[in-house]
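Quick look at model03.cif (mmCIF, C-alpha atoms; chains and numbers go by the auth columns):
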data_query
#
loop_
_atom_site.group_PDB
_atom_site.id
_atom_site.type_symbol
_atom_site.label_atom_id
_atom_site.label_comp_id
_atom_site.label_asym_id
_atom_site.label_seq_id
_atom_site.Cartn_x
_atom_site.Cartn_y
_atom_site.Cartn_z
_atom_site.B_iso_or_equiv
_atom_site.auth_seq_id
_atom_site.auth_asym_id
ATOM 1 C CA MET A 1 42.193 168.042 111.476 0.00 20 A
ATOM 2 C CA GLU A 2 43.663 166.525 114.611 0.00 21 A
ATOM 3 C CA ASN A 3 40.865 163.916 114.693 0.00 22 A
ATOM 4 C CA LYS A 4 41.413 163.073 111.035 0.00 23 A
ATOM 5 C CA THR A 5 45.165 162.805 111.542 0.00 24 A
ATOM 6 C CA GLY A 6 44.699 160.528 114.544 0.00 25 A
ATOM 7 C CA LYS A 7 42.315 158.308 112.614 0.00 26 A
ATOM 8 C CA TYR A 8 44.775 158.172 109.733 0.00 27 A
ATOM 9 C CA PHE A 9 47.636 157.088 111.970 0.00 28 A
ATOM 10 C CA LYS A 10 45.467 154.438 113.596 0.00 29 A
ATOM 11 C CA TYR A 11 44.432 153.179 110.181 0.00 30 A
ATOM 12 C CA ALA A 12 48.058 153.137 108.961 0.00 31 A
ATOM 13 C CA ILE A 13 49.234 151.318 112.064 0.00 32 A
ATOM 14 C CA GLY A 14 46.424 148.775 111.625 0.00 33 A
ATOM 15 C CA GLU A 15 47.429 148.232 108.019 0.00 34 A
ATOM 16 C CA ILE A 16 51.053 147.754 109.027 0.00 35 A
ATOM 17 C CA ILE A 17 50.042 145.243 111.704 0.00 36 A
ATOM 18 C CA LEU A 18 47.905 143.328 109.187 0.00 37 A
ATOM 19 C CA VAL A 19 50.784 143.290 106.701 0.00 38 A
ATOM 20 C CA VAL A 20 53.210 142.042 109.381 0.00 39 A
ATOM 21 C CA ILE A 21 50.753 139.350 110.482 0.00 40 A
ATOM 22 C CA GLY A 22 50.322 138.316 106.851 0.00 41 A
ATOM 23 C CA ILE A 23 54.068 138.091 106.373 0.00 42 A
ATOM 24 C CA LEU A 24 54.470 136.051 109.562 0.00 43 A
ATOM 25 C CA ILE A 25 51.685 133.673 108.485 0.00 44 A
ATOM 26 C CA ALA A 26 53.263 133.313 105.043 0.00 45 A
ATOM 27 C CA LEU A 27 56.663 132.591 106.601 0.00 46 A
ATOM 28 C CA GLN A 28 55.100 130.051 108.935 0.00 47 A
ATOM 29 C CA ILE A 29 53.361 128.311 106.041 0.00 48 A
ATOM 30 C CA ASN A 30 56.590 128.358 104.019 0.00 49 A
ATOM 31 C CA ASN A 31 58.564 126.911 106.931 0.00 50 A
ATOM 32 C CA TRP A 32 55.914 124.222 107.390 0.00 51 A
ATOM 33 C CA ASN A 33 56.069 123.357 103.703 0.00 52 A
ATOM 34 C CA GLU A 34 59.877 123.224 103.757 0.00 53 A
ATOM 35 C CA ASN A 35 59.879 121.047 106.874 0.00 54 A
ATOM 36 C CA LYS A 36 57.300 118.752 105.318 0.00 55 A
ATOM 37 C CA LYS A 37 59.330 118.539 102.124 0.00 56 A
ATOM 38 C CA SER A 38 62.475 117.811 104.136 0.00 57 A
ATOM 39 C CA GLU A 39 60.663 115.181 106.188 0.00 58 A
ATOM 40 C CA ASN A 40 59.366 113.455 103.042 0.00 59 A
ATOM 41 C CA GLN A 41 62.852 113.505 101.555 0.00 60 A
ATOM 42 C CA LEU A 42 64.299 111.898 104.661 0.00 61 A
ATOM 43 C CA ASN A 43 61.576 109.247 104.733 0.00 62 A
ATOM 44 C CA ASN A 44 62.307 108.421 101.086 0.00 63 A
ATOM 45 C CA ILE A 45 65.980 108.002 101.951 0.00 64 A
ATOM 46 C CA TYR A 46 65.071 105.715 104.855 0.00 65 A
ATOM 47 C CA LYS A 47 62.972 103.706 102.422 0.00 66 A
ATOM 48 C CA GLU A 48 65.961 103.387 100.097 0.00 67 A
ATOM 49 C CA VAL A 49 68.144 102.166 102.979 0.00 68 A
ATOM 50 C CA GLU A 50 65.427 99.665 103.883 0.00 69 A
ATOM 51 C CA LEU A 51 65.320 98.357 100.298 0.00 70 A
ATOM 52 C CA ASN A 52 69.130 98.108 100.265 0.00 71 A
ATOM 53 C CA LEU A 53 69.106 96.060 103.473 0.00 72 A
ATOM 54 C CA LYS A 54 66.353 93.814 102.161 0.00 73 A
ATOM 55 C CA SER A 55 68.414 93.099 99.050 0.00 74 A
ATOM 56 C CA ASP A 56 71.527 92.488 101.164 0.00 75 A
ATOM 57 C CA LEU A 57 69.735 90.035 103.445 0.00 76 A
ATOM 58 C CA THR A 58 68.373 88.080 100.475 0.00 77 A
ATOM 59 C CA ASN A 59 71.853 87.815 98.941 0.00 78 A
ATOM 60 C CA LEU A 60 73.433 86.915 102.269 0.00 79 A
ATOM 61 C CA GLU A 61 71.195 83.892 102.699 0.00 80 A
ATOM 62 C CA ILE A 62 72.659 82.429 99.511 0.00 81 A
ATOM 63 C CA ILE A 63 76.253 83.520 100.083 0.00 82 A
ATOM 64 C CA ILE A 64 76.494 82.286 103.681 0.00 83 A
ATOM 65 C CA LYS A 65 75.124 78.914 102.575 0.00 84 A
ATOM 66 C CA GLN A 66 77.773 78.754 99.834 0.00 85 A
ATOM 67 C CA TYR A 67 80.560 79.514 102.313 0.00 86 A
ATOM 68 C CA LYS A 68 79.302 76.826 104.684 0.00 87 A
ATOM 69 C CA GLN A 69 79.507 74.319 101.807 0.00 88 A
ATOM 70 C CA LEU A 70 82.939 75.670 100.908 0.00 89 A
ATOM 71 C CA GLU A 71 84.075 75.116 104.490 0.00 90 A
ATOM 72 C CA LEU A 72 83.337 71.385 104.191 0.00 91 A
ATOM 73 C CA ARG A 73 85.262 71.112 100.921 0.00 92 A
ATOM 74 C CA LEU A 74 88.288 72.959 102.307 0.00 93 A
ATOM 75 C CA GLU A 75 88.406 70.743 105.374 0.00 94 A
ATOM 76 C CA THR A 76 88.184 67.666 103.171 0.00 95 A
ATOM 77 C CA MET A 77 91.061 68.809 100.942 0.00 96 A
ATOM 78 C CA ILE A 78 93.601 68.945 103.752 0.00 97 A
ATOM 79 C CA THR A 79 92.890 65.503 105.215 0.00 98 A
ATOM 80 C CA GLU A 80 95.379 62.708 104.597 0.00 99 A
ATOM 81 C CA GLU A 81 92.562 60.253 104.003 0.00 100 A
ATOM 82 C CA TYR A 82 91.173 62.284 101.145 0.00 101 A
ATOM 83 C CA SER A 83 94.627 62.789 99.632 0.00 102 A
ATOM 84 C CA ASN A 84 95.227 59.061 99.478 0.00 103 A
ATOM 85 C CA ILE A 85 91.813 58.341 98.019 0.00 104 A
ATOM 86 C CA LEU A 86 92.224 61.165 95.547 0.00 105 A
ATOM 87 C CA LEU A 87 95.566 59.953 94.310 0.00 106 A
ATOM 88 C CA ASP A 88 94.345 56.381 93.796 0.00 107 A
ATOM 89 C CA SER A 89 90.860 56.864 92.406 0.00 108 A
ATOM 90 C CA ILE A 90 90.489 60.029 90.300 0.00 109 A
ATOM 91 C CA ASN A 91 90.519 59.430 86.540 0.00 110 A
ATOM 92 C CA THR A 92 88.950 60.807 83.381 0.00 111 A
ATOM 93 C CA ASN A 93 85.624 59.191 84.234 0.00 112 A
ATOM 94 C CA ASN A 94 85.194 60.597 87.741 0.00 113 A
ATOM 95 C CA TYR A 95 87.176 63.823 87.340 0.00 114 A
ATOM 96 C CA SER A 96 84.146 65.850 88.427 0.00 115 A
ATOM 97 C CA GLU A 97 84.534 64.316 91.910 0.00 116 A
ATOM 98 C CA CYS A 98 87.963 65.910 92.331 0.00 117 A
ATOM 99 C CA ILE A 99 87.301 68.612 94.919 0.00 118 A
ATOM 100 C CA PRO A 100 90.591 70.573 94.530 0.00 119 A
ATOM 101 C CA CYS A 101 90.057 70.576 90.766 0.00 120 A
ATOM 102 C CA GLN A 102 86.993 72.799 91.226 0.00 121 A
ATOM 103 C CA GLY A 103 89.277 75.758 91.924 0.00 122 A
ATOM 104 C CA ASP A 104 87.865 76.809 95.287 0.00 123 A
ATOM 105 C CA ILE A 105 91.035 78.496 96.498 0.00 124 A
ATOM 106 C CA ASN A 106 91.616 80.459 93.309 0.00 125 A
ATOM 107 C CA ALA A 107 88.114 81.937 93.405 0.00 126 A
ATOM 108 C CA PHE A 108 85.896 83.691 95.930 0.00 127 A
ATOM 109 C CA ILE A 109 82.216 84.389 96.558 0.00 128 A
ATOM 110 C CA PRO A 110 81.870 88.178 96.876 0.00 129 A
ATOM 111 C CA PHE A 111 79.331 90.080 98.912 0.00 130 A
ATOM 112 C CA GLU A 112 79.200 93.837 98.426 0.00 131 A
ATOM 113 C CA PHE A 113 76.470 95.590 100.363 0.00 132 A
ATOM 114 C CA GLU A 114 74.185 98.171 98.782 0.00 133 A
ATOM 115 C CA GLU A 115 75.233 101.720 99.724 0.00 134 A
ATOM 116 C CA LYS A 116 72.956 104.003 97.685 0.00 135 A
ATOM 117 C CA GLY A 117 70.677 104.789 100.639 0.00 136 A
ATOM 118 C CA VAL A 118 73.414 105.600 103.131 0.00 137 A
ATOM 119 C CA GLU A 119 75.235 107.802 100.604 0.00 138 A
ATOM 120 C CA LEU A 120 72.023 109.797 100.114 0.00 139 A
ATOM 121 C CA LEU A 121 71.655 109.987 103.873 0.00 140 A
ATOM 122 C CA LYS A 122 75.160 111.379 104.324 0.00 141 A
ATOM 123 C CA THR A 123 74.403 114.144 101.829 0.00 142 A
ATOM 124 C CA TYR A 124 71.075 114.900 103.475 0.00 143 A
ATOM 125 C CA ASN A 125 72.642 114.916 106.917 0.00 144 A
ATOM 126 C CA ASP A 126 75.241 117.466 105.809 0.00 145 A
ATOM 127 C CA TYR A 127 72.953 119.999 104.158 0.00 146 A
ATOM 128 C CA ASN A 128 69.487 119.701 105.664 0.00 147 A
ATOM 129 C CA ALA A 129 67.664 119.720 108.975 0.00 148 A
ATOM 130 C CA LYS A 130 68.396 116.713 111.174 0.00 149 A
ATOM 131 C CA GLU A 131 65.040 115.126 111.884 0.00 150 A
ATOM 132 C CA ASN A 132 65.263 111.665 113.436 0.00 151 A
ATOM 133 C CA LYS A 133 68.899 112.366 114.186 0.00 152 A
ATOM 134 C CA ASP A 134 69.356 109.238 116.302 0.00 153 A
ATOM 135 C CA LEU A 135 68.127 106.916 113.547 0.00 154 A
ATOM 136 C CA THR A 136 70.213 108.714 110.931 0.00 155 A
ATOM 137 C CA ASN A 137 73.351 108.393 113.038 0.00 156 A
ATOM 138 C CA GLU A 138 72.562 104.724 113.738 0.00 157 A
ATOM 139 C CA ILE A 139 72.344 103.965 110.019 0.00 158 A
ATOM 140 C CA ILE A 140 75.605 105.774 109.227 0.00 159 A
ATOM 141 C CA GLN A 141 77.364 104.015 112.117 0.00 160 A
ATOM 142 C CA PHE A 142 76.023 100.642 110.942 0.00 161 A
ATOM 143 C CA TYR A 143 77.682 101.029 107.553 0.00 162 A
ATOM 144 C CA LYS A 144 80.860 102.330 109.125 0.00 163 A
ATOM 145 C CA ASN A 145 81.007 99.182 111.254 0.00 164 A
ATOM 146 C CA ALA A 146 80.589 97.105 108.094 0.00 165 A
ATOM 147 C CA GLU A 147 83.712 98.512 106.410 0.00 166 A
ATOM 148 C CA PRO A 148 86.014 95.668 107.626 0.00 167 A
ATOM 149 C CA LEU A 149 83.855 93.317 105.560 0.00 168 A
ATOM 150 C CA ASN A 150 85.240 94.825 102.367 0.00 169 A
ATOM 151 C CA LEU A 151 88.776 94.794 103.754 0.00 170 A
ATOM 152 C CA VAL A 152 88.615 91.041 104.366 0.00 171 A
ATOM 153 C CA LEU A 153 87.022 90.489 100.949 0.00 172 A
ATOM 154 C CA ASN A 154 89.916 92.355 99.329 0.00 173 A
ATOM 155 C CA LYS A 155 92.356 90.118 101.197 0.00 174 A
ATOM 156 C CA LEU A 156 90.456 87.072 99.946 0.00 175 A
ATOM 157 C CA LYS A 157 90.658 88.386 96.389 0.00 176 A
ATOM 158 C CA GLU A 158 94.390 88.960 96.769 0.00 177 A
ATOM 159 C CA GLU A 159 94.985 85.432 98.055 0.00 178 A
ATOM 160 C CA SER A 160 92.921 83.968 95.197 0.00 179 A
ATOM 161 C CA PHE A 161 94.900 85.850 92.551 0.00 180 A
ATOM 162 C CA ASN A 162 98.181 84.858 94.209 0.00 181 A
ATOM 163 C CA THR A 163 97.158 81.207 93.943 0.00 182 A
ATOM 164 C CA ILE A 164 96.392 81.588 90.244 0.00 183 A
ATOM 165 C CA ARG A 165 99.813 83.132 89.670 0.00 184 A
ATOM 166 C CA TYR A 166 101.386 80.263 91.622 0.00 185 A
ATOM 167 C CA PHE A 167 99.578 77.660 89.493 0.00 186 A
ATOM 168 C CA GLU A 168 100.758 79.321 86.275 0.00 187 A
ATOM 169 C CA GLN A 169 104.237 77.822 86.656 0.00 188 A
ATOM 170 C CA PHE A 170 103.012 74.235 86.227 0.00 189 A
ATOM 171 C CA SER A 171 102.539 72.449 82.923 0.00 190 A
ATOM 172 C CA TRP A 172 99.045 71.312 83.913 0.00 191 A
ATOM 173 C CA TYR A 173 97.836 74.891 84.493 0.00 192 A
ATOM 174 C CA SER A 174 95.900 75.198 81.213 0.00 193 A
ATOM 175 C CA ASP A 175 94.206 71.825 81.787 0.00 194 A
ATOM 176 C CA PHE A 176 93.229 72.966 85.259 0.00 195 A
ATOM 177 C CA MET A 177 91.735 76.218 83.976 0.00 196 A
ATOM 178 C CA TYR A 178 89.789 74.417 81.231 0.00 197 A
ATOM 179 C CA GLY A 179 88.589 71.626 83.516 0.00 198 A
ATOM 180 C CA LYS A 180 90.545 68.806 81.856 0.00 199 A
ATOM 181 C CA PHE A 181 91.908 65.726 83.590 0.00 200 A
ATOM 182 C CA ASN A 182 95.675 65.687 84.092 0.00 201 A
ATOM 183 C CA PRO A 183 97.332 63.024 86.282 0.00 202 A
ATOM 184 C CA GLU A 184 100.228 65.321 87.242 0.00 203 A
ATOM 185 C CA MET A 185 97.738 67.871 88.487 0.00 204 A
ATOM 186 C CA ILE A 186 95.914 65.231 90.539 0.00 205 A
ATOM 187 C CA ASP A 187 99.199 64.132 92.082 0.00 206 A
ATOM 188 C CA PHE A 188 100.016 67.747 92.937 0.00 207 A
ATOM 189 C CA PHE A 189 96.705 68.298 94.728 0.00 208 A
ATOM 190 C CA ALA A 190 97.092 65.030 96.582 0.00 209 A
ATOM 191 C CA SER A 191 100.609 65.404 97.898 0.00 210 A
ATOM 192 C CA ASN A 192 102.027 68.901 97.484 0.00 211 A
ATOM 193 C CA ARG A 193 102.605 70.544 100.878 0.00 212 A
ATOM 194 C CA ILE A 194 102.564 74.100 99.513 0.00 213 A
ATOM 195 C CA PHE A 195 99.106 73.474 98.078 0.00 214 A
ATOM 196 C CA LYS A 196 97.905 72.174 101.455 0.00 215 A
ATOM 197 C CA ASN A 197 99.310 75.295 103.122 0.00 216 A
ATOM 198 C CA LYS A 198 97.487 77.472 100.605 0.00 217 A
ATOM 199 C CA VAL A 199 94.235 75.685 101.431 0.00 218 A
ATOM 200 C CA VAL A 200 94.841 76.356 105.129 0.00 219 A
ATOM 201 C CA THR A 201 95.547 80.061 104.469 0.00 220 A
ATOM 202 C CA TYR A 202 92.499 80.412 102.259 0.00 221 A
ATOM 203 C CA ARG A 203 90.346 78.753 104.911 0.00 222 A
ATOM 204 C CA LEU A 204 91.732 81.131 107.532 0.00 223 A
ATOM 205 C CA ILE A 205 90.634 84.158 105.509 0.00 224 A
ATOM 206 C CA ALA A 206 87.384 82.872 104.022 0.00 225 A
ATOM 207 C CA ILE A 207 85.947 80.741 106.826 0.00 226 A
ATOM 208 C CA GLN A 208 87.494 82.019 110.022 0.00 227 A
ATOM 209 C CA ASN A 209 87.343 85.724 109.138 0.00 228 A
ATOM 210 C CA TYR A 210 85.060 86.543 106.208 0.00 229 A
ATOM 211 C CA LEU A 211 82.212 84.172 107.101 0.00 230 A
ATOM 212 C CA PRO A 212 81.899 85.487 110.699 0.00 231 A
ATOM 213 C CA TYR A 213 81.801 89.047 109.339 0.00 232 A
ATOM 214 C CA LEU A 214 79.012 88.031 106.956 0.00 233 A
ATOM 215 C CA ARG A 215 77.035 86.513 109.814 0.00 234 A
ATOM 216 C CA GLU A 216 77.510 89.577 112.001 0.00 235 A
ATOM 217 C CA TYR A 217 76.468 91.870 109.149 0.00 236 A
ATOM 218 C CA LYS A 218 73.360 89.767 108.630 0.00 237 A
ATOM 219 C CA LYS A 219 72.479 89.945 112.313 0.00 238 A
ATOM 220 C CA SER A 220 72.937 93.727 112.551 0.00 239 A
ATOM 221 C CA ALA A 221 71.246 94.352 109.190 0.00 240 A
ATOM 222 C CA THR A 222 68.203 92.375 110.298 0.00 241 A
ATOM 223 C CA ILE A 223 67.833 94.503 113.437 0.00 242 A
ATOM 224 C CA LEU A 224 68.174 97.764 111.491 0.00 243 A
ATOM 225 C CA PHE A 225 65.835 96.541 108.751 0.00 244 A
ATOM 226 C CA GLU A 226 63.100 95.754 111.279 0.00 245 A
ATOM 227 C CA LYS A 227 63.553 99.184 112.873 0.00 246 A
ATOM 228 C CA LEU A 228 63.214 100.945 109.529 0.00 247 A
ATOM 229 C CA LYS A 229 60.056 99.005 108.739 0.00 248 A
ATOM 230 C CA THR A 230 58.396 100.592 111.782 0.00 249 A
ATOM 231 C CA THR A 231 59.061 104.072 110.324 0.00 250 A
ATOM 232 C CA ASP A 232 57.078 103.345 107.135 0.00 251 A
#
Rewrite the structure from the file as structure tokens, please.
Amino acid sequence: MENKTGKYFKYAIGEIILVVIGILIALQINNWNENKKSENQLNNIYKEVELNLKSDLTNLEIIIKQYKQLELRLETMITEEYSNILLDSINTNNYSECIPCQGDINAFIPFEFEEKGVELLKTYNDYNAKENKDLTNEIIQFYKNAEPLNLVLNKLKEESFNTIRYFEQFSWYSDFMYGKFNPEMIDFFASNRIFKNKVVTYRLIAIQNYLPYLREYKKSATILFEKLKTTD
């Protein structure tokens, strides 16, 4: 009986050990699967950020070029030489050559960066394991550094709308908005000092502040984009 009891206990202990080992193996496999799932999720988010940056860089090429062309027009508008030529030569036939009549300072060229990827990353970073923590933090910090870009854009929008409201008081306003020639409007653009000051203010915001931010964003986005490509 003692031998049988001893064998039974040994058998029971062996069974318990096998069960424990099985549970540990199952937990290990489950943890591996969860980690793999989490890793794939993170890589998909990185891919989304990469696609966002690629789209941003494509748009920036066009927008920066447009602002460089705008810079030349703004500088032309505030010169005395152009004012004199404008006043003497613009008529119904060559109205399309009137640079101030194009409405540069009552409009703006917006750039709003794609944020879907980084928003997904913030959620992931809050509730999941933090693989590639350095890269994740670098991406989040990159977009945080880009926030002033939107602040300057909002200021540019505000200045543009203020100019429209200022123009509303003049009798030629409707002609201006519909692209029709009006000699009083031409005279205003040629000689009005307030208009010249508005051009200077608009240039300060658009060319001396917004354009440099766009260039810096492009530079930083290019570096981050190339880094993300190496993680594919």
Review point. Of the candidates A:Thr111, A:Asn125, A:Thr182, A:Thr250, which one gets nearest to Val68 of chain A if we count only C-alpha atoms?
Key: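 Of A:Thr111, A:Asn125, A:Thr182, A:Thr250, the one nearest Val68 of chain A, counting only C-alpha atoms, is A:Thr250.
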Point to revise | Separation of atom CA of Asp123 of chain A from atom CA of Leu89 of chain A, in Å and rounded to one decimal | key: 7.6 Å
**Study point:** Close residues, Ala209 of chain A itself excluded, 7 Å, all atoms listed in the file, min 4 positions apart in chain, as a list of chain:residue names
**Key:**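 In the requested format, the answer is A:Ser102, A:Asn103, A:Leu105, A:Leu106, A:Ile205.
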Would you save the residues of that selection, restricted to C-alpha atoms, as a PDB file, in the coordinates of the input?
ATOM      1  CA  SER A 102      94.627  62.789  99.632  1.00  0.00           C
ATOM      2  CA  ASN A 103      95.227  59.061  99.478  1.00  0.00           C
ATOM      3  CA  LEU A 105      92.224  61.165  95.547  1.00  0.00           C
ATOM      4  CA  LEU A 106      95.566  59.953  94.310  1.00  0.00           C
ATOM      5  CA  ILE A 205      95.914  65.231  90.539  1.00  0.00           C
TER       6      ILE A 205
END
Exercise for review: Identify which of the residues A:Ala126, A:Ile183, A:Leu175, A:Ile109 lies closest to Phe214 of chain A, counting all atoms listed in the file when measuring atom-to-atom distances.
Suggested key: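 Ranking A:Ala126, A:Ile183, A:Leu175, A:Ile109 by distance to Phe214 of chain A, first place goes to A:Ile183.
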Practice item. Spell out the residues picked by the PyMOL selection byres ((chain A and resi 77-88) around 10) here, as a count of residues only. Key: 25
Point to revise | Nearest candidate to Glu94 of chain A (options A:Leu139, A:Val219, A:Leu70, A:Ala165; using only C-alpha atoms) | key: A:Val219
Practice item. Would you mind telling me which residue in A:Asn110, A:Asn228, A:Thr241, A:Gln160 lies nearest to Val137 of chain A when using all atoms listed in the file? Key: A:Gln160
**Study point:** Expected answer as a list of chain:residue names: all residues with atoms within 9 Å of (88.2, 68.0, 82.5), all atoms listed in the file
**Key:** A:Thr111, A:Tyr114, A:Ser115, A:Cys120, A:Asp194, A:Phe195, A:Tyr197, A:Gly198, A:Lys199, A:Phe200, A:Asn201
Exercise for review: Quote the spacing between atom CA of Asn164 of chain A and atom CA of Tyr143 of chain A in Å to one decimal place.
Suggested key: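 A separation of 20.2 Å between them.
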I'd like the neighbourhood of Leu154 of chain A as a PDB file with C-alpha atoms, in the coordinates of the input, where a residue qualifies if any of its atoms comes within 10 Å (using only C-alpha atoms), though same-chain residues fewer than 2 positions away should be ignored.
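Output saved as selection21.pdb:
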ATOM      1  CA  TYR A  65      65.071 105.715 104.855  1.00  0.00           C
ATOM      2  CA  GLU A 150      65.040 115.126 111.884  1.00  0.00           C
ATOM      3  CA  ASN A 151      65.263 111.665 113.436  1.00  0.00           C
ATOM      4  CA  LYS A 152      68.899 112.366 114.186  1.00  0.00           C
ATOM      5  CA  ASN A 156      73.351 108.393 113.038  1.00  0.00           C
ATOM      6  CA  GLU A 157      72.562 104.724 113.738  1.00  0.00           C
ATOM      7  CA  ILE A 158      72.344 103.965 110.019  1.00  0.00           C
ATOM      8  CA  ILE A 159      75.605 105.774 109.227  1.00  0.00           C
ATOM      9  CA  GLN A 160      77.364 104.015 112.117  1.00  0.00           C
ATOM     10  CA  LEU A 243      68.174  97.764 111.491  1.00  0.00           C
ATOM     11  CA  LYS A 246      63.553  99.184 112.873  1.00  0.00           C
ATOM     12  CA  LEU A 247      63.214 100.945 109.529  1.00  0.00           C
TER      13      LEU A 247
END
Review point. How many Å lie between atom CA of Ser210 of chain A and atom CA of Glu99 of chain A, rounded to one decimal?
Key: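 Computing it gives 8.9 Å between the two atoms.
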